[in-house]
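Text of query23.cif (mmCIF, C-alpha atoms) as supplied:
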data_protein
loop_
_atom_site.label_atom_id
_atom_site.label_comp_id
_atom_site.auth_asym_id
_atom_site.auth_seq_id
_atom_site.Cartn_x
_atom_site.Cartn_y
_atom_site.Cartn_z
CA MET A 178 95.54 87.81 164.21
CA THR A 179 93.07 90.54 163.33
CA THR A 180 92.00 91.33 159.82
CA PRO A 181 93.77 94.51 158.75
CA THR A 182 91.72 97.59 157.98
CA ILE A 183 91.48 98.23 154.27
CA LEU A 184 92.23 101.86 153.54
CA THR A 185 91.20 103.69 150.39
CA ILE A 186 93.29 105.73 148.01
CA PRO A 187 90.42 107.65 146.41
CA ALA A 188 90.31 107.94 142.65
CA ARG A 189 92.51 110.85 141.47
CA ARG A 190 93.54 111.61 145.07
CA GLY A 191 96.32 110.83 147.55
CA ALA A 192 96.61 109.14 150.93
CA ALA A 193 99.38 108.83 153.50
CA ALA A 194 99.91 106.79 156.65
CA LYS A 195 102.49 106.09 159.33
CA VAL A 196 104.00 102.61 159.25
CA ASP A 197 106.15 101.01 161.92
CA ALA A 198 109.36 99.14 161.13
CA GLY A 199 108.53 95.49 160.51
CA GLN A 200 104.96 96.10 159.38
CA HIS A 201 103.90 95.11 155.90
CA VAL A 202 102.13 97.42 153.48
CA ARG A 203 99.91 95.78 150.88
CA VAL A 204 98.99 97.93 147.90
CA ILE A 205 96.00 96.53 146.05
CA ASN A 206 95.20 97.32 142.43
CA THR A 207 91.49 96.92 143.11
CA HIS A 208 90.32 97.45 139.55
CA GLY A 209 93.52 96.22 137.89
CA THR A 210 94.25 99.26 135.74
CA GLN A 211 95.21 101.90 138.26
CA VAL A 212 98.74 103.23 138.59
CA VAL A 213 99.63 104.13 142.19
CA ASP A 214 102.50 106.57 142.62
CA THR A 215 104.24 105.69 145.88
CA TRP A 216 106.68 107.52 148.14
CA ALA A 217 108.19 106.75 151.54
CA PHE A 218 109.84 109.02 154.09
CA SER A 219 111.70 108.36 157.30
CA ALA A 220 109.37 109.05 160.24
CA ARG A 221 112.35 110.53 162.07
CA ASP A 222 113.45 112.95 159.35
CA ILE A 223 111.07 113.82 156.53
CA THR A 224 114.00 114.90 154.31
CA GLU A 225 115.24 111.31 154.24
CA TRP A 226 113.12 109.67 151.56
CA MET A 227 113.00 106.63 149.31
CA SER A 228 115.24 107.38 146.33
CA MET A 229 114.76 105.71 142.97
CA GLU A 230 118.27 106.71 141.83
CA ALA A 231 119.90 105.33 145.00
CA SER A 232 117.71 102.19 144.89
CA ARG A 233 118.66 101.39 141.30
CA ALA A 234 122.31 101.76 142.32
CA SER A 235 121.66 99.34 145.18
CA PHE A 236 119.69 96.53 143.50
CA LEU A 237 121.21 97.21 140.05
CA ARG A 238 117.99 96.86 138.11
CA LEU A 239 115.66 99.23 136.30
CA ALA A 240 112.81 97.78 138.38
CA ALA A 241 112.68 95.90 141.68
CA ARG A 242 112.05 92.17 141.96
CA VAL A 243 110.63 90.37 144.98
CA GLY A 244 113.37 90.45 147.61
CA ASP A 245 114.82 93.76 146.45
CA THR A 246 115.11 96.59 148.96
CA PHE A 247 114.54 100.25 148.18
CA VAL A 248 116.89 102.64 149.97
CA THR A 249 116.73 106.27 150.97
CA ASN A 250 118.77 109.25 149.83
CA GLN A 251 120.96 108.33 152.83
CA ARG A 252 121.34 104.77 151.40
CA ARG A 253 119.40 103.18 154.26
CA PRO A 254 116.89 100.37 153.61
CA ILE A 255 113.31 101.67 153.75
CA LEU A 256 110.99 99.23 151.88
CA THR A 257 111.53 95.64 150.73
CA LEU A 258 109.27 94.14 148.07
CA THR A 259 108.27 90.83 149.70
CA GLU A 260 105.35 89.61 147.56
CA ASP A 261 103.85 90.57 144.24
CA THR A 262 100.81 89.05 142.53
CA SER A 263 100.45 91.89 140.03
CA GLY A 264 102.82 90.67 137.33
CA GLY A 265 105.73 92.63 138.75
CA VAL A 266 105.53 95.51 136.29
CA HIS A 267 106.29 98.72 138.16
CA ASP A 268 108.20 101.81 137.09
CA THR A 269 111.13 103.64 138.72
CA LEU A 270 111.96 105.93 135.80
CA ILE A 271 109.18 108.46 135.29
CA ALA A 272 108.32 111.61 137.27
CA SER A 273 104.93 111.89 138.94
CA CYS A 274 102.47 113.91 136.91
CA ASP A 275 102.08 117.57 137.83
CA ALA A 276 100.28 120.70 136.70
CA PRO A 277 102.86 121.72 134.06
CA ARG A 278 102.74 118.19 132.64
CA TYR A 279 99.02 118.52 131.96
CA ARG A 280 99.45 121.98 130.47
CA LEU A 281 101.96 120.46 128.02
CA LEU A 282 99.40 117.73 127.23
CA GLY A 283 96.91 120.45 126.23
CA VAL A 284 94.79 120.65 129.37
CA GLU A 285 93.44 124.12 130.11
CA GLY A 286 92.75 124.94 133.74
CA HIS A 287 93.04 122.55 136.66
CA HIS A 288 93.82 118.85 136.33
CA ASP A 289 94.26 116.56 139.31
CA ASN A 290 97.89 115.42 139.55
CA CYS A 291 100.09 113.14 141.62
CA ARG A 292 102.49 115.86 142.77
CA ASP A 293 99.72 117.92 144.36
CA ASN A 294 98.19 114.72 145.78
CA LEU A 295 101.47 113.82 147.47
CA HIS A 296 101.90 117.20 149.09
CA ALA A 297 98.23 117.30 150.17
CA ALA A 298 98.40 113.80 151.68
CA LEU A 299 101.48 114.75 153.68
CA ALA A 300 99.93 118.05 154.73
CA ALA A 301 97.02 116.09 156.20
CA LEU A 302 99.60 114.54 158.55
CA GLY A 303 101.14 117.93 159.27
CA LEU A 304 104.18 117.23 157.11
CA THR A 305 105.88 119.33 154.45
CA ILE A 306 108.77 118.37 152.18
CA PRO A 307 111.19 120.68 150.36
CA ALA A 308 111.06 118.90 146.97
CA THR A 309 109.15 116.15 145.16
CA PRO A 310 111.07 112.85 145.13
CA SER A 311 110.98 110.63 142.07
CA PRO A 312 108.14 108.15 142.72
CA LEU A 313 107.88 104.38 142.67
CA ASN A 314 105.07 103.98 140.15
CA LEU A 315 103.30 100.78 141.16
CA PHE A 316 101.50 98.91 138.37
CA MET A 317 102.84 101.40 135.80
CA ASN A 318 104.08 99.79 132.62
CA ILE A 319 106.96 101.66 131.01
CA PRO A 320 108.65 99.11 128.75
CA TRP A 321 112.21 99.71 127.57
CA THR A 322 114.00 98.41 124.51
CA ALA A 323 117.57 97.21 124.16
CA ASP A 324 118.48 100.56 122.60
CA GLY A 325 116.89 102.48 125.48
CA ARG A 326 113.57 103.63 124.08
CA LEU A 327 110.69 103.97 126.55
CA ALA A 328 106.95 103.84 125.92
CA TRP A 329 103.66 104.46 127.72
CA GLY A 330 102.28 100.95 128.25
CA GLU A 331 99.03 99.81 129.78
CA PRO A 332 98.92 98.06 133.17
CA VAL A 333 99.22 94.26 133.10
CA SER A 334 97.91 93.70 136.65
CA ALA A 335 94.71 91.77 137.34
CA PRO A 336 91.90 93.28 139.44
CA GLY A 337 92.63 92.66 143.12
CA SER A 338 96.28 91.86 142.57
CA TYR A 339 98.77 93.49 144.91
CA ALA A 340 102.34 94.20 145.93
CA VAL A 341 103.53 93.85 149.53
CA PHE A 342 106.38 95.76 151.11
CA ARG A 343 108.08 95.32 154.47
CA ALA A 344 108.90 98.57 156.26
CA GLU A 345 112.61 98.59 157.13
CA MET A 346 112.31 101.67 159.35
CA ASP A 347 109.53 103.70 160.95
CA LEU A 348 108.21 105.59 157.98
CA VAL A 349 105.46 107.59 156.38
CA ILE A 350 104.10 106.10 153.17
CA ALA A 351 102.25 108.21 150.65
CA PHE A 352 100.25 107.23 147.59
CA SER A 353 98.49 108.88 144.70
CA ALA A 354 95.92 107.11 142.52
CA CYS A 355 97.27 108.62 139.31
CA PRO A 356 94.68 110.84 137.55
CA GLN A 357 96.39 110.49 134.18
CA ASP A 358 93.51 110.15 131.67
CA ILE A 359 95.24 111.40 128.52
CA LEU A 360 98.08 108.89 128.13
CA PRO A 361 97.10 105.16 128.34
CA ILE A 362 99.04 104.35 131.50
CA ASN A 363 95.81 103.71 133.44
CA GLY A 364 94.43 101.70 130.52
CA ARG A 365 93.29 102.96 127.17
CA THR A 366 89.80 103.79 128.40
CA GLY A 367 91.19 106.69 130.41
CA ARG A 368 89.21 105.48 133.42
CA THR A 369 90.86 106.44 136.70
CA THR A 370 89.84 104.50 139.80
CA GLU A 371 90.41 104.11 143.49
CA ALA A 372 92.95 101.66 144.89
CA HIS A 373 93.43 100.28 148.41
CA PHE A 374 96.12 99.48 150.93
CA THR A 375 96.56 97.83 154.30
CA THR A 376 99.24 97.93 156.96
CA GLU A 377 99.66 94.62 158.72
CA GLY A 378 101.64 92.83 161.37
CA ALA A 379 104.49 93.54 163.75
CA MET B 279 134.98 135.32 117.87
CA THR B 280 137.15 134.92 120.93
CA THR B 281 138.50 131.62 122.12
CA PRO B 282 136.48 130.57 125.14
CA THR B 283 138.20 130.27 128.47
CA ILE B 284 138.78 126.66 129.45
CA LEU B 285 137.68 126.11 133.02
CA THR B 286 138.83 123.25 135.22
CA ILE B 287 136.78 120.79 137.20
CA PRO B 288 139.55 119.70 139.57
CA ALA B 289 140.06 116.00 140.19
CA ARG B 290 137.68 114.78 142.91
CA ARG B 291 136.12 118.26 143.22
CA GLY B 292 133.21 120.31 141.94
CA ALA B 293 132.74 123.51 139.95
CA ALA B 294 129.76 125.67 139.09
CA ALA B 295 129.14 128.59 136.74
CA LYS B 296 126.37 130.86 135.53
CA VAL B 297 125.33 130.35 131.91
CA ASP B 298 123.09 132.61 129.84
CA ALA B 299 120.25 131.29 127.71
CA GLY B 300 121.60 130.52 124.24
CA GLN B 301 125.17 129.90 125.36
CA HIS B 302 126.75 126.52 124.79
CA VAL B 303 128.48 124.52 127.50
CA ARG B 304 131.17 122.10 126.34
CA VAL B 305 132.16 119.43 128.85
CA ILE B 306 135.49 117.86 127.97
CA ASN B 307 136.59 114.44 129.14
CA THR B 308 140.21 115.54 129.12
CA HIS B 309 141.73 112.20 130.08
CA GLY B 310 138.91 110.07 128.65
CA THR B 311 138.08 108.05 131.74
CA GLN B 312 136.50 110.63 134.03
CA VAL B 313 132.80 110.60 134.91
CA VAL B 314 131.41 114.12 135.39
CA ASP B 315 128.21 114.37 137.43
CA THR B 316 126.24 117.32 136.09
CA TRP B 317 123.34 119.37 137.42
CA ALA B 318 121.57 122.51 136.18
CA PHE B 319 119.36 124.98 138.01
CA SER B 320 117.25 127.87 136.88
CA ALA B 321 119.11 131.11 137.57
CA ARG B 322 115.77 132.67 138.54
CA ASP B 323 114.70 130.01 141.04
CA ILE B 324 117.26 127.58 142.42
CA THR B 325 114.49 125.08 143.34
CA GLU B 326 113.73 124.60 139.65
CA TRP B 327 116.33 122.10 138.50
CA MET B 328 117.10 119.68 135.70
CA SER B 329 115.14 116.50 136.44
CA MET B 330 116.21 113.13 135.13
CA GLU B 331 112.75 111.64 135.81
CA ALA B 332 110.95 114.46 133.99
CA SER B 333 113.52 114.40 131.15
CA ARG B 334 113.11 110.66 130.54
CA ALA B 335 109.34 111.25 130.41
CA SER B 336 109.96 113.99 127.84
CA PHE B 337 112.44 112.36 125.43
CA LEU B 338 111.25 108.82 126.22
CA ARG B 339 114.70 107.28 126.43
CA LEU B 340 116.92 105.95 129.19
CA ALA B 341 119.66 108.26 127.89
CA ALA B 342 119.65 111.40 125.76
CA ARG B 343 120.68 111.50 122.13
CA VAL B 344 121.97 114.54 120.26
CA GLY B 345 118.94 116.79 119.79
CA ASP B 346 117.23 115.71 123.01
CA THR B 347 116.32 118.35 125.56
CA PHE B 348 116.51 117.92 129.30
CA VAL B 349 113.70 119.56 131.24
CA THR B 350 113.29 120.82 134.77
CA ASN B 351 111.02 119.66 137.60
CA GLN B 352 108.64 122.29 136.14
CA ARG B 353 108.87 120.57 132.72
CA ARG B 354 110.65 123.54 131.12
CA PRO B 355 113.55 123.00 128.71
CA ILE B 356 116.90 123.68 130.38
CA LEU B 357 119.70 121.95 128.39
CA THR B 358 119.75 120.47 124.87
CA LEU B 359 122.48 118.03 123.88
CA THR B 360 123.69 119.52 120.60
CA GLU B 361 126.96 117.69 119.90
CA ASP B 362 128.71 114.66 121.32
CA THR B 363 132.10 113.25 120.31
CA SER B 364 132.38 111.01 123.38
CA GLY B 365 130.50 107.96 122.10
CA GLY B 366 127.23 109.14 123.60
CA VAL B 367 127.37 106.93 126.68
CA HIS B 368 125.99 108.91 129.61
CA ASP B 369 123.83 107.84 132.53
CA THR B 370 120.55 109.23 133.85
CA LEU B 371 119.77 106.38 136.29
CA ILE B 372 122.26 106.41 139.16
CA ALA B 373 122.48 108.70 142.20
CA SER B 374 125.58 110.79 142.73
CA CYS B 375 128.00 109.23 145.19
CA ASP B 376 127.81 110.45 148.77
CA ALA B 377 129.33 109.80 152.19
CA PRO B 378 126.96 106.93 153.12
CA ARG B 379 127.69 105.29 149.76
CA TYR B 380 131.38 105.10 150.57
CA ARG B 381 130.70 103.82 154.07
CA LEU B 382 128.71 100.98 152.48
CA LEU B 383 131.67 100.31 150.16
CA GLY B 384 133.88 99.85 153.22
CA VAL B 385 135.59 103.22 153.39
CA GLU B 386 136.41 104.38 156.91
CA GLY B 387 136.57 108.10 157.50
CA HIS B 388 136.24 110.79 154.84
CA HIS B 389 135.96 110.08 151.13
CA ASP B 390 135.46 112.82 148.56
CA ASN B 391 132.02 112.52 146.99
CA CYS B 392 129.89 114.14 144.29
CA ARG B 393 127.06 115.16 146.61
CA ASP B 394 129.34 117.24 148.82
CA ASN B 395 131.09 118.60 145.72
CA LEU B 396 127.77 119.81 144.30
CA HIS B 397 126.75 121.60 147.46
CA ALA B 398 130.22 123.13 147.90
CA ALA B 399 130.31 124.35 144.28
CA LEU B 400 126.92 126.03 144.68
CA ALA B 401 127.93 127.49 148.04
CA ALA B 402 130.87 129.16 146.31
CA LEU B 403 128.25 131.06 144.27
CA GLY B 404 126.23 131.82 147.41
CA LEU B 405 123.56 129.25 146.54
CA THR B 406 121.93 126.55 148.64
CA ILE B 407 119.47 123.88 147.56
CA PRO B 408 117.01 121.94 149.73
CA ALA B 409 117.75 118.48 148.27
CA THR B 410 120.17 116.74 145.92
CA PRO B 411 118.71 116.23 142.44
CA SER B 412 119.44 113.06 140.51
CA PRO B 413 122.46 113.88 138.33
CA LEU B 414 123.19 113.59 134.63
CA ASN B 415 126.30 111.42 134.79
CA LEU B 416 128.33 112.41 131.75
CA PHE B 417 130.66 109.74 130.34
CA MET B 418 129.32 107.20 132.87
CA ASN B 419 128.69 103.78 131.39
CA ILE B 420 125.78 101.97 133.05
CA PRO B 421 124.71 99.34 130.53
CA TRP B 422 121.25 97.78 130.80
CA THR B 423 120.02 94.43 129.57
CA ALA B 424 116.68 93.55 128.00
CA ASP B 425 115.55 92.14 131.35
CA GLY B 426 116.54 95.32 133.19
CA ARG B 427 119.82 94.43 134.83
CA LEU B 428 122.33 97.26 135.30
CA ALA B 429 126.12 97.10 135.64
CA TRP B 430 129.06 99.34 136.48
CA GLY B 431 130.80 99.77 133.13
CA GLU B 432 133.98 101.61 132.23
CA PRO B 433 133.91 104.85 130.24
CA VAL B 434 134.10 104.49 126.45
CA SER B 435 135.04 108.11 125.75
CA ALA B 436 138.36 109.06 124.15
CA PRO B 437 140.70 111.60 125.78
CA GLY B 438 139.64 115.11 124.77
CA SER B 439 136.19 114.05 123.60
CA TYR B 440 133.28 116.17 124.72
CA ALA B 441 129.54 116.77 124.94
CA VAL B 442 128.01 120.17 124.13
CA PHE B 443 124.76 121.52 125.57
CA ARG B 444 122.77 124.60 124.64
CA ALA B 445 121.34 126.48 127.61
CA GLU B 446 117.59 126.88 127.12
CA MET B 447 117.24 129.35 130.01
CA ASP B 448 119.54 131.42 132.19
CA LEU B 449 120.94 128.78 134.49
CA VAL B 450 123.60 127.68 136.92
CA ILE B 451 125.48 124.57 135.88
CA ALA B 452 127.33 122.45 138.40
CA PHE B 453 129.79 119.61 137.93
CA SER B 454 131.65 117.09 140.00
CA ALA B 455 134.64 115.13 138.73
CA CYS B 456 133.51 111.89 140.35
CA PRO B 457 135.97 110.63 142.99
CA GLN B 458 134.74 107.04 142.74
CA ASP B 459 137.89 104.91 142.94
CA ILE B 460 136.40 101.66 144.26
CA LEU B 461 133.97 100.76 141.48
CA PRO B 462 135.37 100.82 137.90
CA ILE B 463 133.19 103.65 136.58
CA ASN B 464 136.23 105.92 136.17
CA GLY B 465 138.17 103.05 134.59
CA ARG B 466 139.53 99.98 136.25
CA THR B 467 142.74 101.67 137.38
CA GLY B 468 140.76 103.71 139.90
CA ARG B 469 142.52 106.85 138.68
CA THR B 470 140.40 109.96 139.14
CA THR B 471 141.29 113.01 137.09
CA GLU B 472 140.35 116.57 136.32
CA ALA B 473 137.98 117.46 133.48
CA HIS B 474 137.27 120.77 131.77
CA PHE B 475 134.43 122.88 130.45
CA THR B 476 133.82 126.03 128.48
CA THR B 477 130.85 128.35 128.04
CA GLU B 478 130.66 129.80 124.56
CA GLY B 479 128.61 132.04 122.33
CA ALA B 480 125.44 134.11 122.52
#
The structure in this file should be written as structure tokens.
Amino acid sequence: MTTPTILTIPARRGAAAKVDAGQHVRVINTHGTQVVDTWAFSARDITEWMSMEASRASFLRLAARVGDTFVTNQRRPILTLTEDTSGGVHDTLIASCDAPRYRLLGVEGHHDNCRDNLHAALAALGLTIPATPSPLNLFMNIPWTADGRLAWGEPVSAPGSYAVFRAEMDLVIAFSACPQDILPINGRTGRTTEAHFTTEGA
Amino acid sequence: MTTPTILTIPARRGAAAKVDAGQHVRVINTHGTQVVDTWAFSARDITEWMSMEASRASFLRLAARVGDTFVTNQRRPILTLTEDTSGGVHDTLIASCDAPRYRLLGVEGHHDNCRDNLHAALAALGLTIPATPSPLNLFMNIPWTADGRLAWGEPVSAPGSYAVFRAEMDLVIAFSACPQDILPINGRTGRTTEAHFTTEGA
């Protein structure tokens, strides 16, 4: 077995790759504090994508556990969480950041954002999508209370910890190393970093 | 002041209407047990729609309370919940039902579904959308636990109770009286009914 190539999700930028059914995708929180917004699309039809709202209806949880399978907007399995050394704190509830979000947070002019990163990463593969799906926010800590309040938590993952997913169909996976440096979701220092991923096996 | 016209969302079907900024939309759970999937779109640009993932990030709750404002995928206010006599149990987490959902539930052949109802209701206004947004599921009871488990609850709303929203922009609102008769979300009898709405004021 060959050592898989370690690919970089540059700080504040996106990356996308084709993955074959049966391969495993390992997403590594290299520095431990970096949220990685994640999307997946059917390789056969880019308008069939991983759906947080359909996945919650399938595994009946606010967040996936090891063994849970994310499904598409056509209810087909697309990614199964098979291993997780990161503490298992990931978010399915919150939109990816975007230009209007940063304007509301008081930023004047350009701010890197996950929505633009997603579309740019897909464009690099020659792909365009007609809308922005709700992301799977790996390593993002959005705690909830019994009465339904949400909060912006800090990541709990250790440096080098990771989550592994099995591809349940031929797919395109896309990531954004979230450039959020105003809220504490990438740690209270506001430091945004690179992260890494591999595709392995099958 | 004139009495507003009461419009019908037929059982197992959709309905859509244009609403001016400042008007109020009252959604009435006529029989008390009917889930009403609800969507809203900017009248100026149909690709700007009410976003559950952006709204949760804005009001920082799993479900809206009176006074909370739903925002679009451009983070602009679109609907504010101004009054609620229904018990306040609505869902922002679960995808609208669709044909593949019913196939997975064992249905052979056609089953009415909220996704098709949405697209048909918009088509009746000459509108098409490039994807299906995650719905606001009025009167739908999806309880969560502290450890994040979800369940299919029964509605808690009384017959004739309602939720009222103020339109924060000129918009198109769309509804589907959910035809789900396999899971108990429209009550354990599986009876699916009509619901009603009005647009008032301004």
Within 9 Å of His296 in chain A, counting all atoms listed in the file, which residues show up once you throw out same-chain ones fewer than 6 positions away? Write them as number ranges by chain, please. A: 191, 304-306, 309
Near Ala424 in chain B, within 8 Å and counting only C-alpha atoms, which residues show up once chain neighbours fewer than 5 positions away are dropped, as a ChimeraX atom specification? /A:321-323
File of the preceding selection, C-alpha atoms, as an mmCIF file, keeping the file's coordinate frame:
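Contents of result15.cif, freshly written:
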data_model
loop_
_atom_site.group_PDB
_atom_site.id
_atom_site.type_symbol
_atom_site.label_atom_id
_atom_site.label_comp_id
_atom_site.auth_asym_id
_atom_site.auth_seq_id
_atom_site.Cartn_x
_atom_site.Cartn_y
_atom_site.Cartn_z
ATOM 1 C CA TRP A 321 112.210 99.710 127.570
ATOM 2 C CA THR A 322 114.000 98.410 124.510
ATOM 3 C CA ALA A 323 117.570 97.210 124.160
#
Mind giving me the straight-line distance from CA of Thr370 in chain B to CA of Ala452 in chain B in Å, one decimal?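 CA of Ala452 in chain B lies 15.5 Å from CA of Thr370 in chain B.
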Would you compute, for all listed atoms of range 402-421 of chain B, the axis-aligned bounding box grown by 4 Å on each side, and then report its centre and edge lengths in Å rounded to one decimal, as JSON?
{"center_x": 123.9, "center_y": 115.6, "center_z": 140.0, "size_x": 21.9, "size_y": 40.5, "size_z": 27.4}
What does the PyMOL selection byres ((chain B and resi 369) around 8) select in this file, as a ChimeraX atom specification? /B:340-341,367-368,370-372,414-420
Evaluated on this file, the PyMOL selection byres ((chain A) within 7 of (chain B)) picks out some residues - which ones are they, written as JSON, numbers by chain? {"A": [230, 231, 233, 234, 237, 238, 239, 240, 251, 252, 270, 271, 272, 277, 278, 307, 308, 311, 322, 323, 325, 326, 327, 328]}
Which residues fall under the PyMOL selection byres ((chain A and resi 299) around 12) in this file, as a PyMOL selection string? chain A and resi 191-195+216-218+220+223+292-298+300-307+309+349-353
Quick check, in Å to one decimal: how far apart do CA of Arg203 in chain A and CA of Arg221 in chain A lie?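 Result for CA of Arg203 in chain A versus CA of Arg221 in chain A: 22.3 Å, one decimal.
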Of B:Leu449, B:Ile284, B:Val442, B:Ile460, the one sitting nearest Val385 in chain B when using only C-alpha atoms is B:Ile460
Fewer than 6 positions away in the same chain doesn't count, so skip those; otherwise give me all residues within 8 Å of Ser364 in chain B, counting only C-alpha atoms, as a short mmCIF file (atom, residue, chain, number, x, y, z; two decimals) with C-alpha atoms, in the frame of the given file.
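Saved result, around15.cif, follows:
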data_model
loop_
_atom_site.label_atom_id
_atom_site.label_comp_id
_atom_site.auth_asym_id
_atom_site.auth_seq_id
_atom_site.Cartn_x
_atom_site.Cartn_y
_atom_site.Cartn_z
CA ASN B 307 136.59 114.44 129.14
CA PHE B 417 130.66 109.74 130.34
CA VAL B 434 134.10 104.49 126.45
CA SER B 435 135.04 108.11 125.75
CA ALA B 436 138.36 109.06 124.15
CA SER B 439 136.19 114.05 123.60
CA TYR B 440 133.28 116.17 124.72
CA ALA B 441 129.54 116.77 124.94
#
Residue nearest Thr358 in chain B - candidates B:Gln301, B:Thr286, B:Thr476, B:Thr281, atoms counted: all atoms listed in the file: B:Gln301
